[in-house]
Amino acid sequence: MSDVVVVGGGPAGVLLTYLLARGGASVTLLESRHDFARRFRGDTLAPGVLEYLDGLGLAEPLLAEVPHTRSDAFRWHTASRTWTLVDYRGASTRFPFYALIPQAEFLPWLAARARAHGATVHMGARFSSLRHDPEGRVNGVEYTVDAAKHHLDAALVVGADGRNSKVRATCGLAATELGASLDILWHALPRRDEDPSYSGLDLFGTPTGSLALLDQGGDWQLGWTIRAGTLAEVRARGVSALRDAAVDALPWLAGRLDDLGDVADLTLLPVRITTVERWTRPGLVLLGDAAHVVSPVGGNGINLALADAADLANRLVGPLRRTPPSPRQLDDAAAGLEAARRPAVEREQRAQVRTERAAAERIGSGDPGPPPVLRALSRLPGFPRLAGQRNRVDVPAPVPVIAAGAP
């Protein structure tokens, strides 16, 4: 038996596993894949998250040991000019930037530290169903490893298995779409020494849609934004239209995209913004994308998920130190997470719905620039820095029992 079983080895699941193990709880992480490789997923750690990790003694070793790049601004480029819409240099005194750290590097780094604190991490462990006690409370999981069936009892099950959460579906909770208006087609290509430098988080407006450029250190990530549901139209126009749009915006890419022979060579990320009526059932709690999917607009999906994990860990370590843990206290902790975190998540989602609708309208009209109001505000002295401060994702400080643990 484990005090807590965490299903899903994404950022929220791995951080929660680490924090609970550091706080002395018995915790098992089940990850369906055999590695932590994640491509075209949230890689941007916000200043507030870096401050939180610093409080745990993790930020400095993370930034020293894991390859990453740093972005101190979000900029929107057109053929005629560049707007600095957000300046992160005022968002933190110690970490005035977003750290772009691929999940394929960040997750195993953190999982190794969770194991060092006694956490059990099962890779290739595919969740299959929930177990219940006679009163209907969730009290464990069933899963398979290499087709062999296993089960594990737990005082609490955490569903952190992403936007298509099987845990959420199994417990009868459904996600409601809030109306995403965009999809993104992603492609990665190697970075060359002679390539130009950018802020690290850049958007290039073109008459056919915007092109995101993320600096991943060794790679560039290109993301063509299209209106939601128009993939068939994009395929009909052919991949050459996407290549041409990229080269028009970034002439130094000429010849670098010739290996793209078809739109199918790109990775489609259907942008979703979803909510779930409840994040909890007796004995179970959802967090991160399993509870709320946010758009990649703003890069804060990973940061909101990490904030969920930090908040939940603070609430759980006290009840988990009892032998046996009190089911009522665990359920109260889960309910407290939802009450505390839902308002911030829903504010972010409402803003994203508005932003995406405006972006889709601009794509339809061929306007390559940012919304007129942002163009005007970006000209005001100090506004970009104010935007960076207001867009902070704050993470609750660790409770003493977690803070006191060794990194």
# chains A, B, ... in the order shown; residues from 1 in each chain; ligands from 1
>>> residues_around(residues="Gly405 in chain A", least_positions_apart="4", cutoff="10 Å", atoms="only C-alpha atoms", output="compact mmCIF listing (two decimals) with C-alpha atoms, in the first residue's frame")
# COMPACT_ATOMS: atom_id res chain seq x y z
CA LEU A 19 7.18 17.09 -2.69
CA ALA A 21 8.31 12.12 -0.73
CA ARG A 22 10.37 15.03 0.57
CA GLY A 23 7.70 15.60 3.21
CA GLY A 24 7.93 11.99 4.39
CA LEU A 56 13.31 24.28 -2.13
CA GLY A 57 16.99 24.53 -3.04
CA HIS A 117 13.58 10.73 -1.10
CA PRO A 400 7.75 23.76 6.96
CA VAL A 401 7.82 19.97 6.78
>>> select_by_dssp(residues="range 120-293 of chain A", states="strand (DSSP E)", output="short mmCIF file (atom, residue, chain, number, x, y, z; two decimals) with C-alpha atoms, in the first residue's frame")
data_model
loop_
_atom_site.label_atom_id
_atom_site.label_comp_id
_atom_site.auth_asym_id
_atom_site.auth_seq_id
_atom_site.Cartn_x
_atom_site.Cartn_y
_atom_site.Cartn_z
CA THR A 120 8.53 4.70 -6.09
CA VAL A 121 8.45 5.55 -9.80
CA HIS A 122 7.05 2.89 -12.14
CA MET A 123 7.68 3.59 -15.83
CA ALA A 125 2.83 1.41 -15.92
CA ARG A 126 -0.50 1.88 -17.70
CA PHE A 127 -3.46 2.79 -15.50
CA SER A 128 -6.49 0.60 -16.19
CA SER A 129 -9.08 1.19 -13.46
CA LEU A 130 -9.87 2.50 -10.00
CA ARG A 131 -10.49 0.36 -6.95
CA HIS A 132 -13.20 1.22 -4.39
CA VAL A 138 -11.62 5.27 -4.23
CA ASN A 139 -8.92 3.30 -2.43
CA GLY A 140 -6.45 2.28 -5.11
CA VAL A 141 -5.72 1.57 -8.75
CA GLU A 142 -5.22 -1.29 -11.14
CA TYR A 143 -2.53 -1.02 -13.80
CA THR A 144 -0.46 -3.10 -16.19
CA VAL A 145 3.26 -3.32 -16.87
CA ALA A 148 1.04 -8.06 -16.49
CA LYS A 149 -1.77 -6.89 -14.22
CA HIS A 150 -1.07 -5.20 -10.89
CA HIS A 151 -3.02 -3.38 -8.24
CA LEU A 152 -2.04 -0.93 -5.55
CA ASP A 153 -4.07 0.27 -2.57
CA ALA A 154 -3.77 3.90 -1.56
CA ALA A 155 -5.26 6.40 0.86
CA LEU A 156 -5.56 8.88 -2.03
CA VAL A 157 -5.34 8.62 -5.82
CA VAL A 158 -4.22 11.66 -7.82
CA GLY A 159 -5.14 11.88 -11.50
CA ALA A 175 -14.32 17.92 -19.42
CA THR A 176 -16.32 20.79 -20.93
CA GLU A 177 -14.84 22.74 -23.84
CA LEU A 182 -6.82 28.07 -32.64
CA ASP A 183 -4.74 24.99 -33.41
CA ILE A 184 -0.95 24.85 -33.77
CA LEU A 185 1.24 22.87 -36.17
CA TRP A 186 4.69 22.30 -34.64
CA HIS A 187 8.05 21.50 -36.17
CA ALA A 188 11.56 21.38 -34.72
CA LEU A 189 14.80 22.06 -36.55
CA PRO A 190 18.42 22.26 -35.38
CA LEU A 201 9.49 33.75 -26.94
CA ASP A 202 8.67 35.37 -30.28
CA LEU A 203 5.62 35.57 -32.50
CA PHE A 204 5.84 36.55 -36.17
CA GLY A 205 2.67 37.82 -37.77
CA THR A 206 2.00 36.97 -41.39
CA GLY A 209 -1.50 33.52 -39.56
CA SER A 210 1.12 33.82 -36.86
CA LEU A 211 4.31 31.82 -36.50
CA ALA A 212 5.70 31.09 -33.03
CA LEU A 213 9.46 30.74 -32.63
CA LEU A 214 10.77 29.19 -29.41
CA ASP A 215 14.48 28.96 -28.68
CA ASP A 219 16.67 23.42 -31.49
CA TRP A 220 14.17 25.94 -32.73
CA GLN A 221 10.52 25.10 -32.34
CA LEU A 222 8.29 26.56 -35.04
CA GLY A 223 4.55 26.71 -34.51
CA TRP A 224 2.15 27.72 -37.26
CA THR A 225 -1.11 29.00 -35.77
CA ILE A 226 -4.24 28.11 -37.71
CA ARG A 227 -7.90 28.60 -36.99
CA THR A 267 2.82 17.74 -35.23
CA LEU A 268 -0.73 18.98 -34.69
CA LEU A 269 -1.56 20.34 -31.25
CA PRO A 270 -5.32 20.87 -31.12
CA THR A 274 -11.51 22.92 -20.83
CA THR A 275 -13.01 22.85 -17.38
CA VAL A 276 -14.30 20.04 -15.17
CA THR A 280 -12.57 15.54 -6.71
CA ARG A 281 -14.30 12.34 -5.77
CA LEU A 284 -9.46 11.00 -5.58
CA VAL A 285 -8.34 14.39 -6.87
CA LEU A 286 -7.43 15.70 -10.32
CA HIS A 292 -8.23 22.12 -16.45
CA VAL A 293 -6.64 22.47 -19.87
#
>>> residues_around(residues="Ser365 in chain A", least_positions_apart="2", cutoff="12 Å", atoms="only C-alpha atoms", output="PyMOL selection string")
chain A and resi 206-209+227+358-363+367-369
>>> write_last_selection(atoms="N, CA and C atoms", output="short mmCIF file (atom, residue, chain, number, x, y, z; two decimals), in the first residue's frame")
data_model
loop_
_atom_site.label_atom_id
_atom_site.label_comp_id
_atom_site.auth_asym_id
_atom_site.auth_seq_id
_atom_site.Cartn_x
_atom_site.Cartn_y
_atom_site.Cartn_z
N THR A 206 2.01 37.02 -39.94
CA THR A 206 2.00 36.97 -41.39
C THR A 206 0.55 37.11 -41.85
N PRO A 207 0.31 37.45 -43.09
CA PRO A 207 -1.07 37.57 -43.56
C PRO A 207 -1.88 36.29 -43.47
N THR A 208 -1.19 35.13 -43.39
CA THR A 208 -1.91 33.85 -43.33
C THR A 208 -2.01 33.29 -41.92
N GLY A 209 -1.47 34.01 -40.93
CA GLY A 209 -1.50 33.52 -39.56
C GLY A 209 -0.18 33.80 -38.88
N ARG A 227 -6.60 28.58 -37.64
CA ARG A 227 -7.90 28.60 -36.99
C ARG A 227 -8.34 27.17 -36.66
N ALA A 358 -9.88 36.78 -30.70
CA ALA A 358 -9.34 37.94 -31.41
C ALA A 358 -8.28 37.51 -32.41
N ALA A 359 -7.43 36.53 -32.03
CA ALA A 359 -6.40 36.05 -32.94
C ALA A 359 -7.00 35.38 -34.17
N ALA A 360 -8.04 34.58 -33.95
CA ALA A 360 -8.69 33.91 -35.08
C ALA A 360 -9.31 34.94 -36.03
N GLU A 361 -9.88 36.00 -35.47
CA GLU A 361 -10.45 37.05 -36.32
C GLU A 361 -9.37 37.75 -37.13
N ARG A 362 -8.20 37.99 -36.51
CA ARG A 362 -7.11 38.64 -37.24
C ARG A 362 -6.59 37.74 -38.35
N ILE A 363 -6.49 36.43 -38.07
CA ILE A 363 -6.05 35.50 -39.12
C ILE A 363 -7.02 35.55 -40.29
N ASP A 367 -4.71 40.33 -40.87
CA ASP A 367 -3.97 41.32 -40.08
C ASP A 367 -2.81 40.60 -39.37
N PRO A 368 -1.55 40.97 -39.67
CA PRO A 368 -0.43 40.25 -39.06
C PRO A 368 -0.01 40.76 -37.70
N GLY A 369 -0.56 41.89 -37.25
CA GLY A 369 -0.10 42.50 -36.02
C GLY A 369 -0.90 42.09 -34.80
#
>>> residues_around(residues="Leu53 in chain A", least_positions_apart="6", cutoff="12 Å", atoms="only C-alpha atoms", output="list in words")
Leu15, Tyr18, Leu19, Leu45, Ala46, Pro47, Ala59, Glu60, Pro61, Leu62, Leu63, Arg94, Phe95, Leu110, Asn303, Leu306, Ala307, Ala310, Asp394, Val395, Pro396, Ala397, Pro398, Ile402, Ala403 and Pro407 of chain A
>>> atom_distance(atom1="CA of Ala406 in chain A", atom2="CA of Gly10 in chain A")
22.7 Å
>>> atom_distance(atom1="CA of Pro196 in chain A", atom2="CA of His77 in chain A")
14.1 Å
>>> select_by_dssp(residues="range 190-396 of chain A", states="helix (DSSP H, G or I)", output="PyMOL selection string")
chain A and resi 231-237+239-249+251-253+263-265+288-290+301-320+327-365+372-378+383-390
>>> atom_distance(atom1="CA of Arg328 in chain A", atom2="CA of Arg163 in chain A")
27.8 Å
>>> residues_around(residues="Leu320 in chain A", least_positions_apart="2", cutoff="10 Å", atoms="only C-alpha atoms", output="compact mmCIF listing (two decimals) with N, CA and C atoms, in the first residue's frame")
# COMPACT_ATOMS: atom_id res chain seq x y z
N ASP A 3 0.66 5.63 0.57
CA ASP A 3 -0.21 6.70 1.03
C ASP A 3 -0.92 7.34 -0.16
N VAL A 4 -0.15 7.64 -1.21
CA VAL A 4 -0.69 8.32 -2.39
C VAL A 4 -0.18 7.63 -3.65
N LEU A 20 5.78 15.25 -1.93
CA LEU A 20 5.25 14.35 -0.91
C LEU A 20 6.34 13.45 -0.34
N GLY A 23 8.41 15.37 1.96
CA GLY A 23 7.70 15.60 3.21
C GLY A 23 7.48 14.36 4.05
N GLY A 24 7.98 13.21 3.59
CA GLY A 24 7.93 11.99 4.39
C GLY A 24 6.79 11.05 4.07
N ALA A 25 6.01 11.33 3.04
CA ALA A 25 4.89 10.46 2.69
C ALA A 25 5.35 9.31 1.81
N SER A 26 4.59 8.23 1.86
CA SER A 26 4.81 7.10 0.95
C SER A 26 4.03 7.37 -0.33
N ALA A 155 -4.34 5.54 0.12
CA ALA A 155 -5.26 6.40 0.86
C ALA A 155 -5.84 7.47 -0.05
N LEU A 156 -5.09 7.86 -1.10
CA LEU A 156 -5.56 8.88 -2.03
C LEU A 156 -4.96 8.59 -3.40
N ARG A 315 -1.20 20.77 1.45
CA ARG A 315 -2.41 20.36 2.16
C ARG A 315 -2.39 18.89 2.61
N LEU A 316 -1.60 18.07 1.90
CA LEU A 316 -1.62 16.64 2.17
C LEU A 316 -0.62 16.18 3.21
N VAL A 317 0.52 16.85 3.32
CA VAL A 317 1.57 16.28 4.15
C VAL A 317 1.17 16.17 5.61
N GLY A 318 0.35 17.09 6.10
CA GLY A 318 -0.10 16.98 7.49
C GLY A 318 -0.94 15.74 7.73
N ARG A 322 -0.26 11.11 9.72
CA ARG A 322 -1.01 10.28 10.67
C ARG A 322 -0.97 8.82 10.22
N THR A 323 -1.06 7.91 11.16
CA THR A 323 -1.10 6.48 10.84
C THR A 323 -2.33 5.86 11.47
N PRO A 324 -3.31 5.44 10.65
CA PRO A 324 -3.37 5.64 9.20
C PRO A 324 -3.87 7.05 8.87
N PRO A 325 -3.66 7.50 7.64
CA PRO A 325 -4.16 8.82 7.25
C PRO A 325 -5.68 8.88 7.37
N SER A 326 -6.20 10.04 7.74
CA SER A 326 -7.64 10.22 7.89
C SER A 326 -8.28 10.47 6.52
N PRO A 327 -9.19 9.59 6.08
CA PRO A 327 -9.85 9.82 4.79
C PRO A 327 -10.55 11.17 4.71
N GLN A 329 -9.77 13.97 6.26
CA GLN A 329 -8.80 15.05 6.11
C GLN A 329 -8.20 15.07 4.70
N LEU A 330 -7.99 13.91 4.12
CA LEU A 330 -7.47 13.86 2.76
C LEU A 330 -8.48 14.45 1.77
>>> decode(residues="range 171-182 of chain A", atoms="all heavy atoms", output="mmCIF file, in the first residue's frame")
data_model
loop_
_atom_site.group_PDB
_atom_site.id
_atom_site.type_symbol
_atom_site.label_atom_id
_atom_site.label_comp_id
_atom_site.auth_asym_id
_atom_site.auth_seq_id
_atom_site.Cartn_x
_atom_site.Cartn_y
_atom_site.Cartn_z
ATOM 1 N N CYS A 171 -13.608 7.900 -13.419
ATOM 2 C CA CYS A 171 -14.388 8.284 -12.236
ATOM 3 C C CYS A 171 -15.655 9.053 -12.607
ATOM 4 O O CYS A 171 -16.378 9.530 -11.729
ATOM 5 C CB CYS A 171 -13.535 9.095 -11.267
ATOM 6 S SG CYS A 171 -13.168 10.770 -11.782
ATOM 7 N N GLY A 172 -15.937 9.179 -13.891
ATOM 8 C CA GLY A 172 -17.203 9.758 -14.325
ATOM 9 C C GLY A 172 -17.239 11.264 -14.409
ATOM 10 O O GLY A 172 -18.320 11.852 -14.498
ATOM 11 N N LEU A 173 -16.080 11.917 -14.417
ATOM 12 C CA LEU A 173 -16.024 13.367 -14.570
ATOM 13 C C LEU A 173 -15.686 13.710 -16.017
ATOM 14 O O LEU A 173 -14.775 13.128 -16.595
ATOM 15 C CB LEU A 173 -14.968 13.962 -13.629
ATOM 16 C CG LEU A 173 -15.290 13.854 -12.138
ATOM 17 C CD1 LEU A 173 -14.079 14.250 -11.303
ATOM 18 C CD2 LEU A 173 -16.489 14.717 -11.774
ATOM 19 N N ALA A 174 -16.439 14.639 -16.582
ATOM 20 C CA ALA A 174 -16.255 14.988 -17.986
ATOM 21 C C ALA A 174 -15.703 16.397 -18.118
ATOM 22 O O ALA A 174 -16.031 17.290 -17.334
ATOM 23 C CB ALA A 174 -17.582 14.876 -18.743
ATOM 24 N N ALA A 175 -14.860 16.594 -19.131
ATOM 25 C CA ALA A 175 -14.315 17.923 -19.423
ATOM 26 C C ALA A 175 -15.255 18.662 -20.363
ATOM 27 O O ALA A 175 -15.783 18.081 -21.312
ATOM 28 C CB ALA A 175 -12.937 17.795 -20.055
ATOM 29 N N THR A 176 -15.472 19.939 -20.092
ATOM 30 C CA THR A 176 -16.315 20.793 -20.926
ATOM 31 C C THR A 176 -15.437 21.771 -21.688
ATOM 32 O O THR A 176 -14.610 22.470 -21.091
ATOM 33 C CB THR A 176 -17.318 21.575 -20.065
ATOM 34 O OG1 THR A 176 -18.143 20.646 -19.348
ATOM 35 C CG2 THR A 176 -18.193 22.475 -20.930
ATOM 36 N N GLU A 177 -15.607 21.819 -23.012
ATOM 37 C CA GLU A 177 -14.835 22.736 -23.838
ATOM 38 C C GLU A 177 -15.345 24.164 -23.656
ATOM 39 O O GLU A 177 -16.549 24.413 -23.649
ATOM 40 C CB GLU A 177 -14.958 22.337 -25.315
ATOM 41 C CG GLU A 177 -14.469 20.926 -25.641
ATOM 42 C CD GLU A 177 -12.957 20.841 -25.713
ATOM 43 O OE1 GLU A 177 -12.302 21.906 -25.757
ATOM 44 O OE2 GLU A 177 -12.429 19.711 -25.721
ATOM 45 N N LEU A 178 -14.395 25.101 -23.513
ATOM 46 C CA LEU A 178 -14.751 26.504 -23.327
ATOM 47 C C LEU A 178 -14.618 27.318 -24.607
ATOM 48 O O LEU A 178 -14.845 28.524 -24.584
ATOM 49 C CB LEU A 178 -13.883 27.122 -22.225
ATOM 50 C CG LEU A 178 -14.049 26.507 -20.835
ATOM 51 C CD1 LEU A 178 -13.133 27.197 -19.840
ATOM 52 C CD2 LEU A 178 -15.498 26.590 -20.370
ATOM 53 N N GLY A 179 -14.219 26.674 -25.698
ATOM 54 C CA GLY A 179 -14.236 27.384 -26.970
ATOM 55 C C GLY A 179 -12.896 27.860 -27.464
ATOM 56 O O GLY A 179 -12.720 29.048 -27.757
ATOM 57 N N ALA A 180 -11.924 26.959 -27.574
ATOM 58 C CA ALA A 180 -10.644 27.326 -28.183
ATOM 59 C C ALA A 180 -10.853 27.641 -29.656
ATOM 60 O O ALA A 180 -11.652 27.001 -30.341
ATOM 61 C CB ALA A 180 -9.635 26.193 -28.022
ATOM 62 N N SER A 181 -10.120 28.647 -30.152
ATOM 63 C CA SER A 181 -10.312 29.108 -31.526
ATOM 64 C C SER A 181 -9.124 28.830 -32.423
ATOM 65 O O SER A 181 -9.176 29.139 -33.617
ATOM 66 C CB SER A 181 -10.588 30.625 -31.525
ATOM 67 O OG SER A 181 -11.695 30.938 -30.728
ATOM 68 N N LEU A 182 -8.049 28.260 -31.875
ATOM 69 C CA LEU A 182 -6.817 28.071 -32.637
ATOM 70 C C LEU A 182 -6.315 26.643 -32.496
ATOM 71 O O LEU A 182 -6.603 25.961 -31.516
ATOM 72 C CB LEU A 182 -5.728 29.026 -32.139
ATOM 73 C CG LEU A 182 -6.020 30.532 -32.173
ATOM 74 C CD1 LEU A 182 -4.879 31.283 -31.500
ATOM 75 C CD2 LEU A 182 -6.216 31.007 -33.601
#
